[in-house]
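Worksheet: one structure, shown below.
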Amino acid sequence: MTPVGLQSYLVLGAILFGLGAIGFLARRNLILMFLSAEMMVQGVAVNLLAFSRFRGNLGGQVLTLFMITVAACEAAIALALILMLYRRRKSLDVSLWQELREPDQDAVIDEEPLPLPPMEEPSPRLTPAGPAPQKREEEVSHV
Amino acid sequence: MEFEHYLLHVLLALPLVGAIVVALQGPKRQTAVRRISLGVSLVIAFCSFILAGRFMALERPWTAPQKPTERISTTFQPEFVPGLKSTALHDAGTDWDLIPLGAGTVQFYLGVDGINLFLIVLTAVLFPPCVLISWNQVHERVNEFYAWLLALQTCVLGVFMAFDIVLFYVFFELSLVPLFFLIGIWGGPERRYAARKFFVYTLTGSLLTLLGIMGVVLAVYSRTHVLTFSIPELVVLVNQQLAIQDSESRAYWLSIQMVVFSLLVAGFAVKVPLVPFHTWLPLAHVEAPTAGSVDLAGLLLKIGVYGFLRLCIPLTPDVSLAWGLPLVTVLAVIGIIYGAFCAYAQDDVKKLIAYSSISHLGLCMAAVYSLTATGLAGGLFQMVNHGLSTGLLFLLIGMLYERYHTRMLQDYSGMATRLPLFGFCLMFAVLSSVGLPGLNGFVGEALCFFGIMEEETTYGGGPFFAVVALSGMVLGAWYLITMVRRLLFGPLKEPHHDGPAIPDMEPREWATFLPLAALCLLLGLYPHPFLATSQPDVDRLAHLADAARQRQQQDVQARR
Amino acid sequence: MNDLQNALLAGQFRYILPEIVLAVAATGIFIGGTFRSGRYLWSWAALGSLVASLFVLTITAGFVLPSGEAGRTATFSTPLLFDSLANFVRVLAIVAGILLVLFSWNEVPDRHAADYLACLLVIIGGVGLTACANDLVSLYLALELISIPTYILLYLPRHDDAAQEAALKYFLLSIFSSALLLFGFSYLYGLTGTTNIAAILHTLYGQGGGDMPAVAQIALITVVAGLGFRITAAPFHFYAPDVYQGAPTVGAALLASLPKLAGFIALLRVLGFVTPDGVLVPVAGRPHVLPGMALSDQVPILFWFLAAFTMSLGNLLAVLQDNLKRLLAYSSVAHAGYMLVALAAAPYLSERSSGSDGVHALLYYLVAYGVMTIGAFAVIAFLSTPERPVDNVEDLAGLSGSHPYVALMLAVFMFSLIGMPLTAGFTGKFLIFFGAMNVVGEQADLYRWLAVIGMLNAAVGGWYYLRIIAVMYLRTALRPIQGRRNVPGLVTLIVCAVLTIGLSIPPGANVLLDAVKNATGIKSTPSPIAQR
C-alpha cells in the first residue's frame, strides 16, 4: 500500500475548496450558503494540516486552530443574522433580498421558487399560568 | 526685496482678498459689493501699469548664445522674482519653497518677462470693464458673482506669472472653478449643461497636460539627476540635453518629446481651442454672462496659447518643429476658415463673436507655430489685440442685450439712428477686430502673416498657409461687417420693449468702453514699445526653434 | 523556542497597549451597555478611550525596539512587529475612529449606541493590529477582528429591509473572501514552511523570483482576490454599491475608509512591498528581486490590469448613479483603482529616489481619500432627517442657499475627489501619477499608458462629482433641506474639510509627506547582521 502523499491532500483540499465555492455561488438557501463558505475553510484546513505534517512544524496546525475558532464566532453571528432575516421574510431564500440593485436593473424573478417548508405541527398550547408580560413599547416597534 | 517684488504679490493677493471680502458682505449689500470690486480691480489695473512701466524701463539686452549650452541666453529670465534667487545651481529659481518632492522642490516662483508682461496687463485691464458691465446685469447673489470674478482674476494672473511648472498647472486648473460657477449660476437657459461641458472638456485636456508636465520633469531627472520644477531651469536642461550629439540620447529625447508634446497639446489645444476640440466654446460663450464671456474670450483662451509659448515650444522644440508645425498650422488654418464660415452663419451675435474667436485664435496659433521671431512676436501681439477687441465686442453686445434682451440679428436693423453713439462704439470695435490700419489689429495681423510667410521648412508651406490665413481674415472682415450692416444700418427695426425710451451710451458704459478703446488706438499707432519689450524673450524662443531647425538639418544630412 | 524568543514574545504586550486599551474599553462598553443605554454617555466613553489609546500609542512608540540579534530574532519569530509603518497606520486608524465617533454621535439609536461604539473600537484595534501583523495567523485574526464587528455594526443602527440586506450581503461576501485569503495563506505556508511573514518573504526573495512553482501564482491570486474584496478592487467590488446604499451612512463611511486601509496595508505586508530590515537581502548567485515581486515577477502587471479595470469600471458606473451613497460607492471603487496604480508602479520605483515612491503615494492617497470620503458621507448624514432624507443627488438641490457653509464643504470634498489643486485629492493623484510616469526602462510606456488611462478616468470622475456641485449651486430646492442641530456632526465636517485643504498646502502637506516617508523608512539599508 503506497503512502498517501502530500499531493493527494492538496488535491482533496482544493476539491473541498472548489466544491464550497461552487456551492456558495449556486445555493440559494442562506444557511447552505454559509455552510458552503465553511466548507471552503475546511478545504484550507486540510491544506494547512497536510503542509504542517509535510514541513514538520506546527505553524499550520496553529493557524487551523484559530481558523476553527473564528469560524465558530462567524457561525454565531451568521445564525443570529439569518434568524433576523428569516423573521422578516419567513423564508431562507436569498433571492428574496433584491431591494438593493442597480437603478435600471429589474429584480430577478424566480422561475422555480424554493419549495415551501413543510407545515409544522402546531405545538401544544399550555394554559396560561398568569397574565402575559407587558412588552415595552420600544421593543414592539422594532420587531 | 524691492518695490516691484511686492507688486507681484499685490497683483496676486489683492483679487483674492477682495473676493473673500466681497463674499463676506452678504447678498443684501449690493452697492457695497460692487464698489469694493470696482475699487479692487482699479487698484490692480493701476498696479499692472506701474509694473509695466518699471519693466519696460529695464535694460534687457539679449545676444544669441555662442554655445548651445550657455545658460543665461537660452532660457527665460524672469524679473521681479519674489524671494531670493538662490545662487548655486538654481539661478533660475527662488528660495520660496512650497513642497519638497524627493530631490526637488515645488516653489512659489513668480516673475515677469517679455512674454507674460502684457498678458498680465491685459488681465488687469479687462477686469474693471467686467465689473462695470455687470453693474446692472447681475442682481442675484451679487456678492458671490463678484467674488468668483475676482477669484478668476487671481487664477489667471497666477497662470501668467508662474515660473514653476507645478504652480503654473495649479493656477491653470483652478481657473476652471470660478468660471464654472460664473457660467453655471448667472448664465443663460442652458447654463448648467454648458458649465459642466466646459469644465469637463477642459479638465480632460488639462489632466493630460499634467502628465506631460510630469513627463518632462522626470525625463530631465532621469538624464541629468536634477529634479526641478522651475520652468527656466527645465528649458536650459532640456535644450542642453538636446544639443548632445549622440544618437542614443537623440533617440531618447525625440521619443520623450513626442510623448510630452502630445500630452501638453491635449490640454492647450482644448483651451485655445484648435478646431476639433472647440465644441465647448460657442456653447460656453452663449450661455455665459457678459463678464464671463469677456474673461473667457479675452483671457482664458490666451492661457492656451500662452501654454504653447511658455511650455510646449521651449520644452519640446524638435517635435514642435517636426510634428507641431505642420499639425498645428494645418489645424489652425482650418480653424481660421471654419470659424469664419460658422461665424457668418450665426444669427446670435454672441455666437458669431465666439466663432470669430476661433478664427482669430487660429491665426494666433498659426503665427506662433511658424516658429520664427516675427511670427512669435505677431502671435503674442495678436493675443493682446484679440483680448482687447473681442472683449470690447462682447461688452458692447452685453450692453445691447441689457437694453433689449435679445441677441438675434433678425430682431435688429438700423440701430445706428436709434443709438448713434453705441453704433460708433460697435463700429470701432469691429474695425479694430478686422484689422483696420491705425488700429491694433492691423499691426498684429501683419506680423502674423509675415511670420507665417517667413517660415521655411522642408515643407515649403509657409506662403500657402499665409494666403489661406489671409483669406480667413478677409472672411473675418466680411462676416463682421455684415453683422454691423444688419445691426446698425438699413431701415430702423427696434425690438419690442416696455417702459421708457432706451437711452444711448451711459457714463458707466463709456467708462467701460473708453479705456479699452484707447489701448486699441495706442497699440495701433505706436506698437514699438510693446514689440521692443517682448523682443528679447521672443528672440529666445525663436533661437530655441532655430537650434531645433539646425538639428533637424543635421539629421537629414546624416541620413543621406 | 529559546529564552530570547520567549522574552521577545512576552515583551510584545507592552507595545500593543493601545489596542489593549481599546479592547478593554470595548469590553467595558459592551457590558455597561446592558445596564445603561444612552448614546452620549457611551460616545464620550468611546471618544475618551480613543484619545487614551492615542496617548498610550505616543508613549509606546517611544519604547526602544529590540535591535541587533534580538531585533533579527524579533523580525523572524514574533507575531507582531512594531515598525514605523505600523505606528503610522495605527495613528491613522485612531484618528479615523475619533472622526467616526463624532460622526455617529447623533446617528445611532440610544439602545444600540453602546454595542455600536464597542464594535467600532474593536474595528479600530483590528486595523492597528493588521498594521503590526508579522505572522499569517495574527494577520488573519486582525482582519477578522475588523470583519466580525463590521457585520454587527452595519446591522445595528437601522433595522429596515435595506440595512438587513446590506448586512447580509457584506457578511456572505466577506466570509467568502476570507476563505479565499486563507487558501492563499495555506499555500504560502506550504511554500515556505513558516507562518511568519518576514521569514516567508525572506525565503521567497532568496529564491530569486522567476522560477516559482505554480503554487506561488495561485497563492498570489487568491491573496489578492481575498484582499481585493476589502479594498473594493474590481472584479471584487460588486458588493460595495449595494452595501453602501443599504447600510447606515456611518457604516458606509466606515466601510469606505477602514477596511480599505487595512486591506492595502495587508497587501503591502504580505506581498513584500514593505519589508522589515534584513528580509530583502541580495543572495549571491540569484537574480535581484524587486520589492513586491516576491511571489511572482508578474505582480506589477497583475496590479496594472487590476488598477486599469478597477478605476475604469468604477468611474463609468458611477456616472449612471442617482443615489448618492451608491455613487460614492462606485467612486470608492474608482479611487481604489488609483491607489492600485501606485502599487503597480511601486516595485519599479523602489530604487529611484525622485520623490514619489509608489508606497509613499499610496499611503498619502489613503489618508487623503479617507478624509474626503468620510467628509462626504458626513455631509449626507448631517443633512438627512427622517422627514427629509437625502438619498439622491437631486435631494441636494439648492443646498448653497439653505446651508451655504455645508455646501461649500461638500464642494471642497467633491473638488478633492475630482483632484482639483489645493485639495488633498490633487496632491495624492499627483504623487501617484508622478510615480507612474517615473517608471523607466522597458515598462515605461506601459506605465505611461496607465497614467493616461488614469487621467481620463479622473476626467470622467469630474463629470459625476461636478453633477453634485452643480445640483447644490446651480439649482433651487424643490423641498428645502431642514437639517438639524448636530454639533459633533458639524465638527466632523469641519475637521475633514480643513484636513482636505490643509494636507495639500505647505505646512500640512509637508508634515504628511514626512510622516509617510518615515513610515516606510525602514527598508533603507539591510542591517549588518543580515549580511552575514
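All residue names refer to the C-alpha cells as shown: chains lettered A, B, ... in order, residues numbered from 1 in each chain, ligands numbered from 1 in order.
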
Range 394-403 of chain B surroundings by only C-alpha atoms, 7 Å radius, close-in-sequence under 4 positions cut, as a CSV table (one decimal) with C-alpha atoms, in the first residue's frame:
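around27.csv was written with the following content:
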```
chain,number,residue,atom,x,y,z
B,133,ILE,CA,-20.8,95.9,-17.3
B,137,GLN,CA,-26.9,93.0,-15.3
B,290,THR,CA,-21.3,89.1,-20.4
B,293,SER,CA,-17.7,85.9,-22.0
B,294,VAL,CA,-15.2,88.7,-21.8
B,390,THR,CA,-13.1,90.8,-28.7
B,407,ARG,CA,-29.2,89.0,-29.3
B,426,LEU,CA,-19.5,99.0,-32.1
B,502,ILE,CA,-33.9,103.2,-24.5
```

May I have the residues of chain C within 8 Å of chain A, counting only C-alpha atoms, written as a ChimeraX atom specification? /C:136-137,141,144,148,159,161-162,164-166,168,171-172,175-176,179,182-183,186-187,189-190,193-195,241-243,245-246,321-322

Residue subset to file, keeping C-alpha atoms, as a PDB file, in the first residue's frame:
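File written: selection_34.pdb
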```pdb
ATOM      1  CA  LEU C 136      -0.196  34.907   8.847  1.00  0.00           C
ATOM      2  CA  VAL C 137      -2.065  33.872  11.976  1.00  0.00           C
ATOM      3  CA  LEU C 141      -7.037  37.283  13.254  1.00  0.00           C
ATOM      4  CA  GLU C 144     -11.328  39.058  11.234  1.00  0.00           C
ATOM      5  CA  ILE C 148     -16.830  40.437  12.522  1.00  0.00           C
ATOM      6  CA  HIS C 159     -33.458  47.912  11.152  1.00  0.00           C
ATOM      7  CA  ASP C 161     -35.044  45.893   4.956  1.00  0.00           C
ATOM      8  CA  ALA C 162     -32.260  47.661   3.139  1.00  0.00           C
ATOM      9  CA  GLN C 164     -30.544  43.983   6.743  1.00  0.00           C
ATOM     10  CA  GLU C 165     -29.945  43.138   3.127  1.00  0.00           C
ATOM     11  CA  ALA C 166     -26.755  45.169   3.158  1.00  0.00           C
ATOM     12  CA  LEU C 168     -26.320  40.062   4.778  1.00  0.00           C
ATOM     13  CA  PHE C 171     -21.410  39.163   5.598  1.00  0.00           C
ATOM     14  CA  LEU C 172     -21.660  36.497   2.932  1.00  0.00           C
ATOM     15  CA  ILE C 175     -16.630  35.163   4.621  1.00  0.00           C
ATOM     16  CA  PHE C 176     -16.156  34.135   1.022  1.00  0.00           C
ATOM     17  CA  ALA C 179     -11.843  31.778   2.674  1.00  0.00           C
ATOM     18  CA  LEU C 182      -6.908  31.671   3.804  1.00  0.00           C
ATOM     19  CA  PHE C 183      -6.456  29.434   0.807  1.00  0.00           C
ATOM     20  CA  SER C 186      -2.178  27.924   3.217  1.00  0.00           C
ATOM     21  CA  TYR C 187      -0.111  27.810   0.038  1.00  0.00           C
ATOM     22  CA  TYR C 189       2.762  28.349   4.361  1.00  0.00           C
ATOM     23  CA  GLY C 190       3.270  25.307   2.245  1.00  0.00           C
ATOM     24  CA  GLY C 193       7.151  26.118   5.878  1.00  0.00           C
ATOM     25  CA  THR C 194       6.538  29.007   8.206  1.00  0.00           C
ATOM     26  CA  THR C 195       3.716  31.366   9.015  1.00  0.00           C
ATOM     27  CA  PRO C 241     -22.692  49.676  -4.170  1.00  0.00           C
ATOM     28  CA  ASP C 242     -25.446  47.610  -2.598  1.00  0.00           C
ATOM     29  CA  VAL C 243     -23.893  47.575   0.822  1.00  0.00           C
ATOM     30  CA  GLN C 245     -26.549  52.137  -0.293  1.00  0.00           C
ATOM     31  CA  GLY C 246     -28.308  49.958   2.214  1.00  0.00           C
ATOM     32  CA  GLN C 321     -25.921  56.551 -10.475  1.00  0.00           C
ATOM     33  CA  ASP C 322     -28.530  58.751  -8.872  1.00  0.00           C
TER      34      ASP C 322
END
```

Backbone-only DSSP, helix (DSSP H, G or I) members of range 45-269 of chain C, as a ChimeraX atom specification: /C:45-60,68-77,84-104,110-132,136-155,161-192,197-206,214-230,239-246,249-269

Nearby residues (only C-alpha atoms) at most 9 Å from Tyr465 in chain C, same-chain spacing under 2 positions excluded, as a ChimeraX atom specification: /C:319,411,414-415,417-418,461-463,467-470

Only C-alpha atoms, please: the residues just picked out, written as a PDB file, in the first residue's frame.
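Result written to result.pdb:
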```pdb
ATOM      1  CA  VAL C 319     -21.763  58.191 -13.974  1.00  0.00           C
ATOM      2  CA  ALA C 411     -17.947  71.249  -2.755  1.00  0.00           C
ATOM      3  CA  MET C 414     -16.105  66.907  -4.375  1.00  0.00           C
ATOM      4  CA  PHE C 415     -13.351  69.026  -5.873  1.00  0.00           C
ATOM      5  CA  LEU C 417     -12.367  63.760  -5.232  1.00  0.00           C
ATOM      6  CA  ILE C 418     -12.079  65.192  -8.740  1.00  0.00           C
ATOM      7  CA  GLY C 461     -14.930  61.376 -12.441  1.00  0.00           C
ATOM      8  CA  GLY C 462     -15.148  65.113 -12.958  1.00  0.00           C
ATOM      9  CA  TRP C 463     -18.452  64.622 -14.715  1.00  0.00           C
ATOM     10  CA  ARG C 467     -23.044  66.999 -11.047  1.00  0.00           C
ATOM     11  CA  ILE C 468     -23.320  67.089  -7.269  1.00  0.00           C
ATOM     12  CA  ILE C 469     -21.726  70.521  -7.140  1.00  0.00           C
ATOM     13  CA  ALA C 470     -23.974  71.713  -9.953  1.00  0.00           C
TER      14      ALA C 470
END
```

The distance between CA of Ala542 in chain B and CA of Ala124 in chain B is 27.7 Å

Can you pull out every residue within 9 Å of Tyr239 in chain C, counting only C-alpha atoms, but drop anything in the same chain fewer than 3 positions away, and send it as a compact mmCIF listing (two decimals) with N, CA and C atoms, in the first residue's frame?
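File written: around.txt
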```
# COMPACT_ATOMS: atom_id res chain seq x y z
N ALA C 166 -28.15 44.74 3.29
CA ALA C 166 -26.76 45.17 3.16
C ALA C 166 -25.87 44.35 4.09
N LYS C 169 -25.43 40.88 2.69
CA LYS C 169 -24.53 40.80 1.53
C LYS C 169 -23.09 40.95 1.96
N TYR C 170 -22.86 41.92 2.83
CA TYR C 170 -21.48 42.11 3.26
C TYR C 170 -20.98 40.88 3.99
N LEU C 173 -20.27 37.86 1.50
CA LEU C 173 -19.10 38.03 0.64
C LEU C 173 -17.83 38.17 1.46
N PHE C 229 -11.44 42.16 -2.05
CA PHE C 229 -12.77 42.44 -1.54
C PHE C 229 -12.72 43.62 -0.58
N THR C 232 -12.15 46.90 -2.32
CA THR C 232 -13.11 47.08 -3.42
C THR C 232 -12.43 47.25 -4.77
N PHE C 236 -13.88 42.45 -7.64
CA PHE C 236 -14.36 42.01 -6.33
C PHE C 236 -15.13 43.13 -5.63
N ASP C 242 -24.27 48.02 -3.35
CA ASP C 242 -25.45 47.61 -2.60
C ASP C 242 -25.26 47.86 -1.11
N VAL C 243 -24.10 47.47 -0.61
CA VAL C 243 -23.89 47.57 0.82
C VAL C 243 -23.84 49.03 1.25
N TYR C 244 -23.15 49.87 0.49
CA TYR C 244 -23.07 51.28 0.88
C TYR C 244 -24.45 51.90 0.85
```

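Put simply, CA of Ala361 in chain C is 5.2 Å away from CA of Leu431 in chain C.
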
Under the rule of at most 7 Å, produce a per-residue listing of chain B near chain C: chain, number, name, the closest pair of atoms, and the distance in Å, as a tab-separated table, using only C-alpha atoms.
```
residue	atom	partner	partner_atom	distance
B:Leu98	CA	C:Pro506	CA	5.5
B:Ile99	CA	C:Pro506	CA	5.9
B:Leu101	CA	C:Gly355	CA	4.6
B:Gly102	CA	C:Gly355	CA	3.2
B:Ala103	CA	C:Ser354	CA	5.9
B:Val170	CA	C:Pro421	CA	5.4
B:Glu173	CA	C:Met420	CA	7.0
B:Leu174	CA	C:Pro421	CA	6.5
B:Gly184	CA	C:Leu474	CA	6.0
B:Ile185	CA	C:Leu474	CA	5.2
B:Arg192	CA	C:Leu474	CA	6.9
B:Val200	CA	C:Gly462	CA	6.1
B:Leu203	CA	C:Ala459	CA	6.1
B:Thr204	CA	C:Ala459	CA	5.0
B:Leu207	CA	C:Met455	CA	5.8
B:Leu208	CA	C:Met455	CA	6.4
B:Met214	CA	C:Phe434	CA	6.0
B:Gly215	CA	C:Met437	CA	6.2
B:Leu218	CA	C:Asn438	CA	6.1
```
